[in-house]
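Participant: Data file protein-v9.cif (mmCIF, N, CA and C atoms) is appended below.
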data_query
#
loop_
_atom_site.label_atom_id
_atom_site.label_comp_id
_atom_site.auth_asym_id
_atom_site.auth_seq_id
_atom_site.Cartn_x
_atom_site.Cartn_y
_atom_site.Cartn_z
N MET A 1 -69.10 46.57 -127.26
CA MET A 1 -68.77 47.97 -127.24
C MET A 1 -69.88 48.69 -126.47
N LEU A 2 -69.49 49.69 -125.67
CA LEU A 2 -70.45 50.40 -124.83
C LEU A 2 -70.69 51.83 -125.34
N CYS A 3 -71.90 52.30 -125.13
CA CYS A 3 -72.27 53.67 -125.50
C CYS A 3 -71.49 54.65 -124.62
N PRO A 4 -70.83 55.65 -125.22
CA PRO A 4 -70.09 56.64 -124.43
C PRO A 4 -70.99 57.49 -123.53
N ASP A 5 -72.27 57.62 -123.86
CA ASP A 5 -73.18 58.44 -123.06
C ASP A 5 -73.79 57.69 -121.88
N CYS A 6 -74.34 56.49 -122.13
CA CYS A 6 -75.08 55.79 -121.08
C CYS A 6 -74.45 54.48 -120.64
N GLN A 7 -73.38 54.06 -121.30
CA GLN A 7 -72.64 52.84 -120.96
C GLN A 7 -73.43 51.55 -121.19
N GLN A 8 -74.47 51.59 -122.02
CA GLN A 8 -75.22 50.39 -122.40
C GLN A 8 -74.56 49.76 -123.62
N ASP A 9 -74.83 48.47 -123.83
CA ASP A 9 -74.28 47.77 -124.99
C ASP A 9 -74.82 48.37 -126.29
N LEU A 10 -73.93 48.47 -127.28
CA LEU A 10 -74.30 48.96 -128.60
C LEU A 10 -74.54 47.79 -129.54
N GLU A 11 -75.47 47.97 -130.48
CA GLU A 11 -75.73 46.96 -131.50
C GLU A 11 -75.18 47.45 -132.83
N ARG A 12 -74.50 46.56 -133.55
CA ARG A 12 -73.97 46.93 -134.85
C ARG A 12 -75.10 47.04 -135.87
N VAL A 13 -75.06 48.11 -136.68
CA VAL A 13 -76.07 48.35 -137.70
C VAL A 13 -75.55 47.80 -139.02
N ASN A 14 -76.40 47.07 -139.74
CA ASN A 14 -76.01 46.52 -141.03
C ASN A 14 -76.17 47.59 -142.11
N ILE A 15 -75.05 48.10 -142.59
CA ILE A 15 -75.01 49.08 -143.67
C ILE A 15 -73.92 48.64 -144.65
N PRO A 16 -73.89 49.18 -145.86
CA PRO A 16 -72.81 48.83 -146.79
C PRO A 16 -71.44 49.14 -146.18
N SER A 17 -70.49 48.25 -146.36
CA SER A 17 -69.18 48.36 -145.72
C SER A 17 -68.42 49.62 -146.10
N TYR A 18 -68.67 50.17 -147.29
CA TYR A 18 -67.93 51.37 -147.70
C TYR A 18 -68.33 52.60 -146.87
N LEU A 19 -69.45 52.53 -146.15
CA LEU A 19 -69.87 53.63 -145.31
C LEU A 19 -69.19 53.61 -143.94
N GLY A 20 -68.55 52.51 -143.62
CA GLY A 20 -67.89 52.39 -142.33
C GLY A 20 -68.66 51.47 -141.39
N THR A 21 -68.42 51.61 -140.11
CA THR A 21 -69.08 50.79 -139.12
C THR A 21 -69.93 51.68 -138.22
N VAL A 22 -71.20 51.34 -138.09
CA VAL A 22 -72.13 52.12 -137.30
C VAL A 22 -72.71 51.23 -136.21
N TYR A 23 -72.82 51.79 -135.01
CA TYR A 23 -73.44 51.11 -133.89
C TYR A 23 -74.62 51.95 -133.41
N HIS A 24 -75.64 51.27 -132.87
CA HIS A 24 -76.83 51.97 -132.38
C HIS A 24 -77.05 51.66 -130.92
N CYS A 25 -77.40 52.69 -130.15
CA CYS A 25 -77.73 52.54 -128.73
C CYS A 25 -79.24 52.61 -128.60
N GLU A 26 -79.85 51.53 -128.12
CA GLU A 26 -81.30 51.50 -127.91
C GLU A 26 -81.72 52.44 -126.79
N GLU A 27 -80.91 52.54 -125.76
CA GLU A 27 -81.23 53.39 -124.60
C GLU A 27 -81.29 54.87 -124.98
N CYS A 28 -80.27 55.36 -125.70
CA CYS A 28 -80.19 56.77 -126.10
C CYS A 28 -80.88 57.04 -127.44
N ASN A 29 -81.16 55.96 -128.18
CA ASN A 29 -81.69 56.05 -129.54
C ASN A 29 -80.77 56.90 -130.42
N ARG A 30 -79.47 56.59 -130.37
CA ARG A 30 -78.46 57.35 -131.10
C ARG A 30 -77.54 56.38 -131.86
N ASP A 31 -77.11 56.82 -133.04
CA ASP A 31 -76.14 56.06 -133.82
C ASP A 31 -74.74 56.59 -133.54
N TRP A 32 -73.79 55.69 -133.55
CA TRP A 32 -72.38 56.03 -133.33
C TRP A 32 -71.55 55.47 -134.47
N TRP A 33 -70.65 56.29 -135.02
CA TRP A 33 -69.72 55.86 -136.06
C TRP A 33 -68.43 55.42 -135.38
N TYR A 34 -67.92 54.25 -135.76
CA TYR A 34 -66.63 53.78 -135.27
C TYR A 34 -65.66 54.00 -136.40
N GLN A 35 -64.73 54.95 -136.22
CA GLN A 35 -63.86 55.32 -137.32
C GLN A 35 -62.51 55.82 -136.81
N GLN A 36 -61.56 55.82 -137.72
CA GLN A 36 -60.24 56.35 -137.40
C GLN A 36 -60.30 57.87 -137.44
N ILE A 37 -59.79 58.49 -136.39
CA ILE A 37 -59.78 59.94 -136.29
C ILE A 37 -58.44 60.46 -136.81
N VAL A 38 -58.50 61.45 -137.67
CA VAL A 38 -57.30 62.03 -138.27
C VAL A 38 -57.29 63.52 -137.94
N ASN A 39 -56.20 63.98 -137.34
CA ASN A 39 -56.04 65.41 -137.10
C ASN A 39 -55.33 66.02 -138.29
N LYS A 40 -55.96 67.04 -138.88
CA LYS A 40 -55.35 67.77 -140.00
C LYS A 40 -55.02 69.18 -139.51
N CYS A 41 -53.74 69.50 -139.42
CA CYS A 41 -53.30 70.80 -138.93
C CYS A 41 -53.77 71.90 -139.89
N PRO A 42 -54.49 72.90 -139.38
CA PRO A 42 -54.96 73.97 -140.26
C PRO A 42 -53.84 74.88 -140.78
N GLU A 43 -52.68 74.86 -140.13
CA GLU A 43 -51.55 75.71 -140.56
C GLU A 43 -50.75 75.06 -141.68
N CYS A 44 -50.28 73.82 -141.45
CA CYS A 44 -49.36 73.20 -142.41
C CYS A 44 -49.96 72.01 -143.17
N GLY A 45 -51.14 71.54 -142.74
CA GLY A 45 -51.78 70.42 -143.42
C GLY A 45 -51.27 69.06 -143.01
N HIS A 46 -50.38 68.98 -142.01
CA HIS A 46 -49.84 67.70 -141.53
C HIS A 46 -50.98 66.82 -141.01
N LEU A 47 -50.96 65.53 -141.37
CA LEU A 47 -51.96 64.57 -140.90
C LEU A 47 -51.39 63.72 -139.78
N ASP A 48 -52.15 63.57 -138.70
CA ASP A 48 -51.76 62.75 -137.56
C ASP A 48 -52.90 61.78 -137.27
N TYR A 49 -52.64 60.48 -137.45
CA TYR A 49 -53.66 59.46 -137.24
C TYR A 49 -53.74 59.14 -135.75
N GLN A 50 -54.94 59.33 -135.16
CA GLN A 50 -55.09 59.24 -133.72
C GLN A 50 -55.81 57.98 -133.24
N GLY A 51 -56.00 57.00 -134.09
CA GLY A 51 -56.65 55.76 -133.69
C GLY A 51 -58.15 55.79 -133.90
N TYR A 52 -58.78 54.67 -133.57
CA TYR A 52 -60.21 54.51 -133.78
C TYR A 52 -60.98 54.83 -132.51
N ARG A 53 -62.17 55.44 -132.70
CA ARG A 53 -63.07 55.69 -131.57
C ARG A 53 -64.48 55.95 -132.09
N LEU A 54 -65.42 55.97 -131.17
CA LEU A 54 -66.81 56.23 -131.50
C LEU A 54 -67.05 57.73 -131.58
N THR A 55 -67.77 58.16 -132.62
CA THR A 55 -68.13 59.57 -132.75
C THR A 55 -69.62 59.67 -133.06
N LYS A 56 -70.21 60.81 -132.74
CA LYS A 56 -71.64 61.00 -132.96
C LYS A 56 -72.00 61.22 -134.42
N LYS A 57 -71.06 61.67 -135.22
CA LYS A 57 -71.32 61.86 -136.64
C LYS A 57 -70.10 61.42 -137.43
N LYS A 58 -70.32 61.14 -138.70
CA LYS A 58 -69.22 60.69 -139.54
C LYS A 58 -68.33 61.88 -139.88
N THR A 59 -67.15 61.89 -139.29
CA THR A 59 -66.18 62.94 -139.55
C THR A 59 -64.86 62.28 -139.90
N LEU A 60 -64.17 62.84 -140.84
CA LEU A 60 -62.88 62.28 -141.19
C LEU A 60 -61.75 63.01 -140.47
N TYR A 61 -61.87 64.31 -140.36
CA TYR A 61 -60.78 65.11 -139.79
C TYR A 61 -61.24 65.92 -138.59
N VAL A 62 -60.31 66.15 -137.68
CA VAL A 62 -60.45 67.18 -136.65
C VAL A 62 -59.36 68.18 -136.96
N SER A 63 -59.55 69.42 -136.58
CA SER A 63 -58.57 70.47 -136.89
C SER A 63 -57.96 71.01 -135.61
N GLU A 64 -56.73 70.61 -135.36
CA GLU A 64 -55.95 71.13 -134.24
C GLU A 64 -54.53 71.36 -134.74
N LEU A 65 -53.86 72.33 -134.17
CA LEU A 65 -52.48 72.58 -134.56
C LEU A 65 -51.60 71.38 -134.22
N CYS A 66 -50.68 71.03 -135.12
CA CYS A 66 -49.76 69.93 -134.86
C CYS A 66 -48.68 70.40 -133.87
N LYS A 67 -47.88 69.48 -133.40
CA LYS A 67 -46.83 69.80 -132.42
C LYS A 67 -45.85 70.84 -132.95
N SER A 68 -45.49 70.72 -134.22
CA SER A 68 -44.56 71.67 -134.83
C SER A 68 -45.12 73.08 -134.87
N CYS A 69 -46.37 73.22 -135.26
CA CYS A 69 -46.99 74.54 -135.36
C CYS A 69 -47.29 75.12 -133.98
N LYS A 70 -47.60 74.29 -133.01
CA LYS A 70 -47.83 74.77 -131.64
C LYS A 70 -46.54 75.36 -131.07
N GLY A 71 -45.39 74.74 -131.39
CA GLY A 71 -44.11 75.21 -130.91
C GLY A 71 -43.71 76.54 -131.51
N ASP A 72 -44.19 76.84 -132.70
CA ASP A 72 -43.85 78.10 -133.38
C ASP A 72 -44.60 79.29 -132.80
N LYS A 73 -45.69 79.06 -132.11
CA LYS A 73 -46.55 80.16 -131.63
C LYS A 73 -46.21 80.54 -130.22
#
Please render this file's structure as structure tokens.

Facilitator:
Amino acid sequence: MLCPDCQQDLERVNIPSYLGTVYHCEECNRDWWYQQIVNKCPECGHLDYQGYRLTKKKTLYVSELCKSCKGDK
């Protein structure tokens, strides 16, 4: 897996499995969380699972309007 910032190889960090999967970039000296991203619509609460990706911090949800709510506006 490559660092999104510098494209160098990431090393997996050994942490308890319930915390998720963390990778560290030696070049940037930054930790990356590999997790499933879930969009939670702030209007209706609909959840849309958007797949796994690297993020700079452990986040469970992003807040964007779902397709149904975007169509209403």

Participant: Skipping near chain neighbours, those fewer than 5 positions away, what residues fall within 6.5 Å of Lys40 (chain A) using only N, CA and C atoms, listed as a PDB file with N, CA and C atoms, in the coordinates of the input?

Facilitator:
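around.pdb was written with the following content:
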ATOM      1  N   GLY A  45     -51.140  71.540-142.740  1.00  0.00           N
ATOM      2  CA  GLY A  45     -51.780  70.420-143.420  1.00  0.00           C
ATOM      3  C   GLY A  45     -51.270  69.060-143.010  1.00  0.00           C
ATOM      4  N   HIS A  46     -50.380  68.980-142.010  1.00  0.00           N
ATOM      5  CA  HIS A  46     -49.840  67.700-141.530  1.00  0.00           C
ATOM      6  C   HIS A  46     -50.980  66.820-141.010  1.00  0.00           C
ATOM      7  N   LEU A  47     -50.960  65.530-141.370  1.00  0.00           N
ATOM      8  CA  LEU A  47     -51.960  64.570-140.900  1.00  0.00           C
ATOM      9  C   LEU A  47     -51.390  63.720-139.780  1.00  0.00           C
ATOM     10  N   ASP A  48     -52.150  63.570-138.700  1.00  0.00           N
ATOM     11  CA  ASP A  48     -51.760  62.750-137.560  1.00  0.00           C
ATOM     12  C   ASP A  48     -52.900  61.780-137.270  1.00  0.00           C
ATOM     13  N   TYR A  61     -61.870  64.310-140.360  1.00  0.00           N
ATOM     14  CA  TYR A  61     -60.780  65.110-139.790  1.00  0.00           C
ATOM     15  C   TYR A  61     -61.240  65.920-138.590  1.00  0.00           C
ATOM     16  N   VAL A  62     -60.310  66.150-137.680  1.00  0.00           N
ATOM     17  CA  VAL A  62     -60.450  67.180-136.650  1.00  0.00           C
ATOM     18  C   VAL A  62     -59.360  68.180-136.960  1.00  0.00           C
ATOM     19  N   SER A  63     -59.550  69.420-136.580  1.00  0.00           N
ATOM     20  CA  SER A  63     -58.570  70.470-136.890  1.00  0.00           C
ATOM     21  C   SER A  63     -57.960  71.010-135.610  1.00  0.00           C
ATOM     22  N   GLU A  64     -56.730  70.610-135.360  1.00  0.00           N
ATOM     23  CA  GLU A  64     -55.950  71.130-134.240  1.00  0.00           C
ATOM     24  C   GLU A  64     -54.530  71.360-134.740  1.00  0.00           C
ATOM     25  N   LEU A  65     -53.860  72.330-134.170  1.00  0.00           N
ATOM     26  CA  LEU A  65     -52.480  72.580-134.560  1.00  0.00           C
ATOM     27  C   LEU A  65     -51.600  71.380-134.220  1.00  0.00           C
ATOM     28  N   CYS A  66     -50.680  71.030-135.120  1.00  0.00           N
ATOM     29  CA  CYS A  66     -49.760  69.930-134.860  1.00  0.00           C
ATOM     30  C   CYS A  66     -48.680  70.400-133.870  1.00  0.00           C
TER      31      CYS A  66
END

Participant: Suppose you want the space between CA of Glu27 (chain A) and CA of Glu11 (chain A); what is it in Å?

Facilitator: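 Rounded to one decimal, the two atoms are 10.9 Å apart.
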
Participant: May I have the residues within 12 Å of Arg53 (chain A) as a ChimeraX atom specification, using only C-alpha atoms and disregarding those fewer than 5 positions away in the same chain?

Facilitator: /A:1-4,21-23,32-38,58-60

Participant: A:Lys70, A:Leu10, A:Cys44, A:Gly51: which is nearest Glu26 (chain A), counting all atoms listed in the file?

Facilitator: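 Answer, going by the shortest atom-to-atom distance: A:Leu10.
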
Participant: Report the distance between atom C of Arg30 (chain A) and CA of Pro16 (chain A) in Å, rounded to one decimal place.

Facilitator: 17.4 Å

Participant: When you count only C-alpha atoms, which of these residues is closest to Asp5 (chain A): A:Lys57, A:Cys25, A:Ser68, A:Gln50?

Facilitator: A:Cys25

Participant: For CA of Cys6 (chain A) and CA of Tyr49 (chain A), determine how far apart the two atoms are, in Å to one decimal place.

Facilitator: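 Spanning CA of Cys6 (chain A) to CA of Tyr49 (chain A) is a straight-line distance of 27.1 Å.
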
Participant: Each side padded by 4 Å, which centre and which edge lengths in Å (one decimal) define the axis-aligned box around the listed atoms of region 46-52 of chain A? Give them as lines of an AutoDock Vina configuration file.

Facilitator:
center_x = -55.4
center_y = 61.7
center_z = -137.3
size_x = 19.1
size_y = 22.5
size_z = 17.5

Participant: Would you please extract all strand (DSSP E or B) residues from chain A, as assigned by DSSP on the backbone, and give them as a PyMOL selection string?

Facilitator: chain A and resi 2+9+11-13+21-25+30-40+47-55+61-62

Participant: Hey, what does DSSP flag as alpha helix (DSSP H) within chain A? Can you give it to me as a PyMOL selection string?

Facilitator: chain A and resi 67-72
